[in-house]
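Enquirer: See entry-v1.cif below, with mmCIF, C-alpha atoms and all ligand atoms.
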data_query
#
loop_
_atom_site.label_atom_id
_atom_site.label_comp_id
_atom_site.auth_asym_id
_atom_site.auth_seq_id
_atom_site.Cartn_x
_atom_site.Cartn_y
_atom_site.Cartn_z
CA MET A 1 0.00 0.00 0.00
CA ASN A 2 1.42 3.39 -1.03
CA ILE A 3 -0.22 6.51 0.41
CA VAL A 4 0.15 10.25 -0.16
CA LEU A 5 -0.85 12.69 2.60
CA LEU A 6 -1.83 16.02 1.09
CA GLY A 7 -2.86 19.29 2.75
CA TYR A 8 -1.84 22.76 3.86
CA PRO A 9 1.28 23.18 5.98
CA GLY A 10 -0.08 22.63 9.51
CA SER A 11 -2.98 20.45 8.39
CA GLY A 12 -1.66 17.57 10.51
CA LYS A 13 0.25 15.53 7.91
CA GLY A 14 3.27 14.93 10.16
CA THR A 15 1.19 13.88 13.18
CA GLN A 16 -0.96 11.53 11.10
CA ALA A 17 2.02 10.13 9.19
CA LYS A 18 3.72 9.03 12.40
CA MET A 19 0.57 7.29 13.68
CA LEU A 20 -0.31 5.66 10.36
CA SER A 21 3.17 4.46 9.44
CA ASP A 22 3.35 2.63 12.79
CA LYS A 23 -0.12 1.17 12.45
CA PHE A 24 0.26 -0.04 8.86
CA SER A 25 4.05 -0.71 8.92
CA LEU A 26 4.68 1.78 6.14
CA PHE A 27 7.96 3.49 5.28
CA HIS A 28 7.41 7.14 6.31
CA VAL A 29 9.00 9.58 3.88
CA SER A 30 8.84 13.21 5.03
CA THR A 31 10.78 15.40 2.62
CA GLY A 32 10.65 18.23 5.19
CA ASP A 33 12.30 15.99 7.85
CA ILE A 34 14.91 14.85 5.31
CA PHE A 35 15.81 18.46 4.51
CA ARG A 36 15.88 19.50 8.18
CA GLU A 37 18.22 16.59 9.01
CA ALA A 38 20.43 17.57 6.06
CA ILE A 39 20.53 21.18 7.27
CA ALA A 40 21.37 20.10 10.83
CA SER A 41 24.26 17.93 9.59
CA LYS A 42 25.42 20.70 7.20
CA SER A 43 25.52 18.29 4.25
CA ALA A 44 25.64 19.51 0.62
CA LEU A 45 21.90 18.80 0.34
CA GLY A 46 21.24 20.84 3.48
CA LEU A 47 23.29 23.78 2.24
CA GLU A 48 21.37 23.77 -1.04
CA ALA A 49 17.91 23.45 0.54
CA ALA A 50 18.31 25.82 3.51
CA GLY A 51 17.71 29.12 1.70
CA TYR A 52 14.48 27.92 0.10
CA ILE A 53 13.12 26.52 3.36
CA SER A 54 13.89 29.55 5.50
CA ALA A 55 12.11 31.74 2.94
CA GLY A 56 9.07 29.45 2.85
CA LYS A 57 9.68 28.54 -0.80
CA LEU A 58 9.71 25.08 -2.31
CA VAL A 59 13.00 23.29 -2.86
CA PRO A 60 13.43 22.81 -6.65
CA ASP A 61 11.72 19.72 -8.08
CA LYS A 62 14.95 18.26 -9.47
CA LEU A 63 16.57 18.17 -6.04
CA VAL A 64 13.44 16.82 -4.34
CA LEU A 65 13.12 14.03 -6.89
CA GLU A 66 16.75 12.99 -6.46
CA VAL A 67 16.17 12.74 -2.70
CA ILE A 68 13.00 10.69 -3.15
CA LYS A 69 14.53 8.25 -5.64
CA ALA A 70 17.54 7.71 -3.37
CA ARG A 71 15.21 6.98 -0.41
CA LEU A 72 13.00 4.58 -2.35
CA SER A 73 15.68 2.70 -4.25
CA THR A 74 16.20 -0.01 -1.61
CA GLU A 75 12.82 0.10 0.16
CA THR A 76 10.39 -2.77 -0.29
CA ARG A 77 7.68 -1.75 2.22
CA GLY A 78 4.67 0.35 1.26
CA VAL A 79 5.41 4.07 1.44
CA LEU A 80 3.62 6.88 3.25
CA PHE A 81 4.54 10.20 1.65
CA ASP A 82 4.26 13.21 3.95
CA GLY A 83 4.87 16.57 2.26
CA PHE A 84 5.60 15.01 -1.13
CA PRO A 85 4.53 15.54 -3.89
CA ARG A 86 4.08 19.31 -3.60
CA THR A 87 3.92 20.22 -7.29
CA VAL A 88 2.22 18.66 -10.31
CA GLU A 89 5.68 17.98 -11.76
CA GLN A 90 6.62 15.99 -8.64
CA ALA A 91 3.34 14.05 -8.83
CA ARG A 92 3.93 13.16 -12.49
CA ALA A 93 7.48 12.06 -11.74
CA LEU A 94 6.25 9.89 -8.85
CA ASP A 95 3.60 8.29 -11.07
CA GLU A 96 6.22 7.50 -13.72
CA TYR A 97 8.65 6.12 -11.15
CA PHE A 98 6.02 3.89 -9.58
CA THR A 99 4.53 2.76 -12.88
CA SER A 100 7.94 1.73 -14.18
CA GLY A 101 8.40 -0.39 -11.04
CA GLY A 102 4.91 -1.96 -11.28
CA ARG A 103 3.64 0.00 -8.27
CA ARG A 104 0.95 2.62 -7.79
CA ILE A 105 -0.43 5.20 -5.36
CA ASP A 106 -3.31 3.40 -3.63
CA ALA A 107 -4.80 6.41 -1.86
CA VAL A 108 -4.30 10.15 -1.62
CA ILE A 109 -5.55 11.39 1.75
CA PHE A 110 -6.37 15.09 1.68
CA LEU A 111 -6.46 16.66 5.16
CA ASP A 112 -9.06 19.36 4.71
CA VAL A 113 -8.41 22.26 7.11
CA ASP A 114 -9.39 25.89 6.62
CA GLU A 115 -6.70 28.51 6.08
CA GLY A 116 -7.42 30.44 9.31
CA SER A 117 -6.88 27.46 11.57
CA VAL A 118 -3.67 26.52 9.74
CA VAL A 119 -2.05 29.81 10.80
CA SER A 120 -2.91 29.31 14.47
CA ARG A 121 -1.86 25.64 14.36
CA LEU A 122 1.54 26.47 12.87
CA SER A 123 2.16 29.26 15.41
CA ALA A 124 1.34 26.88 18.29
CA ARG A 125 3.37 23.96 16.89
CA ARG A 126 6.46 22.77 18.74
CA THR A 127 8.64 19.89 17.56
CA CYS A 128 11.00 17.74 19.61
CA LYS A 129 14.60 18.40 18.61
CA GLU A 130 15.47 14.73 19.24
CA CYS A 131 12.58 12.48 18.13
CA GLN A 132 10.59 15.00 16.01
CA LYS A 133 7.35 14.35 17.95
CA ILE A 134 4.91 17.17 17.23
CA TYR A 135 2.96 19.12 19.88
CA ASN A 136 0.39 21.89 19.75
CA LEU A 137 0.64 24.21 22.74
CA LEU A 138 -3.12 24.83 22.68
CA THR A 139 -4.59 21.41 21.95
CA SER A 140 -1.88 18.84 22.78
CA PRO A 141 0.76 20.43 25.05
CA PRO A 142 3.54 18.39 26.66
CA ALA A 143 3.14 17.47 30.36
CA LYS A 144 6.23 19.53 31.22
CA GLU A 145 6.65 22.87 29.44
CA GLY A 146 9.26 22.79 26.68
CA ILE A 147 10.12 19.10 27.16
CA CYS A 148 9.11 16.13 25.00
CA ASP A 149 6.89 13.58 26.82
CA ALA A 150 8.28 10.76 24.71
CA CYS A 151 12.06 11.24 24.97
CA GLY A 152 12.79 14.22 27.24
CA GLY A 153 14.19 16.25 24.31
CA VAL A 154 13.84 20.02 24.02
CA LEU A 155 10.80 21.34 22.12
CA LEU A 156 11.49 23.95 19.44
CA LEU A 157 9.51 26.33 17.27
CA ARG A 158 10.54 25.64 13.68
CA ALA A 159 12.22 28.66 12.09
CA ASP A 160 9.78 28.48 9.18
CA ASP A 161 6.79 28.57 11.56
CA SER A 162 7.37 32.31 12.16
CA PRO A 163 4.45 34.56 11.05
CA ALA A 164 6.17 36.04 7.95
CA VAL A 165 7.32 32.66 6.64
CA ILE A 166 3.93 31.04 7.38
CA LYS A 167 2.34 33.65 5.09
CA ASN A 168 4.71 32.69 2.25
CA ARG A 169 4.21 28.97 2.78
CA ILE A 170 0.45 29.37 2.53
CA ALA A 171 0.77 31.41 -0.68
CA VAL A 172 3.17 28.79 -2.10
CA TYR A 173 0.74 26.00 -1.14
CA LYS A 174 -2.12 27.69 -2.99
CA ALA A 175 -0.08 28.40 -6.11
CA GLN A 176 1.94 25.20 -6.43
CA THR A 177 0.45 22.42 -4.29
CA GLU A 178 -3.31 23.00 -4.39
CA PRO A 179 -3.44 22.01 -8.11
CA LEU A 180 -2.67 18.48 -6.89
CA VAL A 181 -6.24 18.26 -5.57
CA ALA A 182 -7.56 18.36 -9.14
CA TYR A 183 -4.71 16.12 -10.35
CA TYR A 184 -5.52 13.35 -7.87
CA LYS A 185 -9.30 13.77 -8.12
CA ALA A 186 -8.89 13.02 -11.82
CA ALA A 187 -6.78 9.97 -10.95
CA GLY A 188 -9.68 8.56 -8.90
CA ASN A 189 -7.81 7.78 -5.69
CA PHE A 190 -8.56 11.01 -3.80
CA HIS A 191 -10.06 10.87 -0.29
CA PRO A 192 -10.88 14.10 1.57
CA ILE A 193 -10.85 13.85 5.38
CA MET A 194 -12.00 16.52 7.84
CA GLY A 195 -8.59 17.52 9.20
CA GLY A 196 -9.92 19.95 11.83
CA GLU A 197 -11.04 17.15 14.17
CA ALA A 198 -8.93 15.82 17.07
CA PRO A 199 -5.86 13.85 15.86
CA ASP A 200 -7.24 10.46 17.04
CA LYS A 201 -10.53 11.05 15.21
CA VAL A 202 -8.67 12.06 12.02
CA ALA A 203 -6.51 8.93 12.32
CA SER A 204 -9.56 6.68 12.67
CA ASP A 205 -11.25 8.35 9.67
CA ILE A 206 -8.12 7.77 7.58
CA THR A 207 -7.85 4.19 8.84
CA ALA A 208 -11.43 3.53 7.72
CA VAL A 209 -10.57 4.72 4.20
CA LEU A 210 -7.36 2.69 4.04
CA GLU A 211 -9.08 -0.46 5.28
CA THR A 212 -11.65 -0.28 2.48
CA ARG A 213 -8.82 0.27 -0.04
CA THR A 214 -6.98 -2.87 1.08
CA ARG A 215 -9.99 -5.15 1.50
P1 LIG A 301 7.35 20.40 5.73
O1 LIG A 301 8.05 19.92 6.92
O2 LIG A 301 6.73 19.30 4.92
O3 LIG A 301 6.38 21.52 6.02
O4 LIG A 301 8.48 21.03 4.76
C1 LIG A 301 9.28 22.12 5.19
C2 LIG A 301 9.86 22.81 3.98
O5 LIG A 301 10.71 21.90 3.24
C3 LIG A 301 8.85 23.32 2.96
O6 LIG A 301 8.30 24.58 3.30
C4 LIG A 301 9.71 23.38 1.70
O7 LIG A 301 10.57 24.50 1.73
C5 LIG A 301 10.58 22.14 1.84
N1 LIG A 301 9.94 20.95 1.23
C6 LIG A 301 9.48 19.87 1.88
N2 LIG A 301 8.95 18.99 1.02
C7 LIG A 301 9.09 19.54 -0.22
C8 LIG A 301 8.71 19.14 -1.52
N3 LIG A 301 8.08 17.96 -1.76
N4 LIG A 301 8.99 19.97 -2.56
C9 LIG A 301 9.63 21.14 -2.36
N5 LIG A 301 9.99 21.59 -1.15
C10 LIG A 301 9.73 20.80 -0.08
#
I need this file expressed as structure tokens, please.

Expert:
Amino acid sequence: MNIVLLGYPGSGKGTQAKMLSDKFSLFHVSTGDIFREAIASKSALGLEAAGYISAGKLVPDKLVLEVIKARLSTETRGVLFDGFPRTVEQARALDEYFTSGGRRIDAVIFLDVDEGSVVSRLSARRTCKECQKIYNLLTSPPAKEGICDACGGVLLLRADDSPAVIKNRIAVYKAQTEPLVAYYKAAGNFHPIMGGEAPDKVASDITAVLETRTR
């Protein structure tokens, strides 16, 4: 089973991806996490991607596709894509790559959240520096302020979750990623989910869709 999670920045893709990849034993591919790790380790990829990310722009398709192909080349499990594809060109390249390997995207889960709540969710988001667990200070705060419940790591506000960058990321989403809704609707594997509900409810709604797809 290969799944794409689609939606605004802050729509809950990362939170859902972690829950679903555990539940369905899928290989979780978050291009955002890959770039952040590359930036932290100051690799060539990180140096190239950093400027785009801090400005809230998309990393160029060519670079993203190289990263994806390298990640998938040795993986045999089903894949859960989180934050990829983000452009129609990336979606076409993924289709070609999968088709040539006799695979397909089984379901595209669209986390439907309105723009206003995305801004407040991103501003309240904190991520564990160590294990990347995601918190929301308003709806799912850690037990101890600033500290990850799961591993004791320090919780950080992502640099690109600042108000000015959030504005750019939303504009970029509308211009470059939203066309994927029409792209995948036409492909017939598109499943909208109410993303504004509590994370456990969203996860069970997604699970219901995936279970009918695999039956
Ligand atoms: P995310 O953690 O998914 O919100 O991604 C953080 C940032 O990484 C985005 O704002 C982009 O700058 C970059 N990024 C992540 N995934 C992609 C992608 N598929 N295509 C282009 N840029 C990406």

Enquirer: Please check which protein, DNA or RNA residues sit within 6 Å of ligand LIG 301 (chain A), counting only C-alpha atoms and all ligand atoms, and write them as a VMD selection string.

Expert: chain A and resid 9 31 to 33 52 to 53 56 to 60 64 83 to 86

Enquirer: Using only C-alpha atoms for the distances, tell me which of A:Ile109, A:Leu157, A:Leu65, A:Ala124 is nearest to Arg92 of chain A.

Expert: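 Distance minimum relative to Arg92 of chain A lands on A:Leu65.
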
Enquirer: When you count all atoms listed in the file, which of these residues is closest to Asp22 of chain A: A:Leu45, A:Val79, A:Ala187, A:Ala198?

Expert: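 Comparing A:Leu45, A:Val79, A:Ala187, A:Ala198 against Asp22 of chain A, the winner is A:Val79.
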
Enquirer: List as a list of chain:residue names the protein and nucleic acid residues near Glu178 of chain A, meaning an atom at most 10 Å away when all atoms listed in the file are counted, but skip any in the same chain fewer than 2 places from it.

Expert: A:Leu6, A:Gly7, A:Tyr8, A:Arg86, A:Thr87, A:Val88, A:Val172, A:Tyr173, A:Lys174, A:Ala175, A:Gln176, A:Leu180, A:Val181, A:Ala182, A:Tyr183

Enquirer: Filtering to C-alpha atoms, could you give me those residues as a CSV table (one decimal), in the frame of the given file?

Expert:
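selection-v7.csv was written with the following content:
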chain,number,residue,atom,x,y,z
A,6,LEU,CA,-1.8,16.0,1.1
A,7,GLY,CA,-2.9,19.3,2.8
A,8,TYR,CA,-1.8,22.8,3.9
A,86,ARG,CA,4.1,19.3,-3.6
A,87,THR,CA,3.9,20.2,-7.3
A,88,VAL,CA,2.2,18.7,-10.3
A,172,VAL,CA,3.2,28.8,-2.1
A,173,TYR,CA,0.7,26.0,-1.1
A,174,LYS,CA,-2.1,27.7,-3.0
A,175,ALA,CA,-0.1,28.4,-6.1
A,176,GLN,CA,1.9,25.2,-6.4
A,180,LEU,CA,-2.7,18.5,-6.9
A,181,VAL,CA,-6.2,18.3,-5.6
A,182,ALA,CA,-7.6,18.4,-9.1
A,183,TYR,CA,-4.7,16.1,-10.4

Enquirer: Which is closer to Asp149 of chain A than all the others in A:Ile134, A:Met1, A:Val165, A:Ala171, using all atoms listed in the file?

Expert: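 When distances to Asp149 of chain A are compared using all atoms listed in the file, the smallest one comes from A:Ile134.
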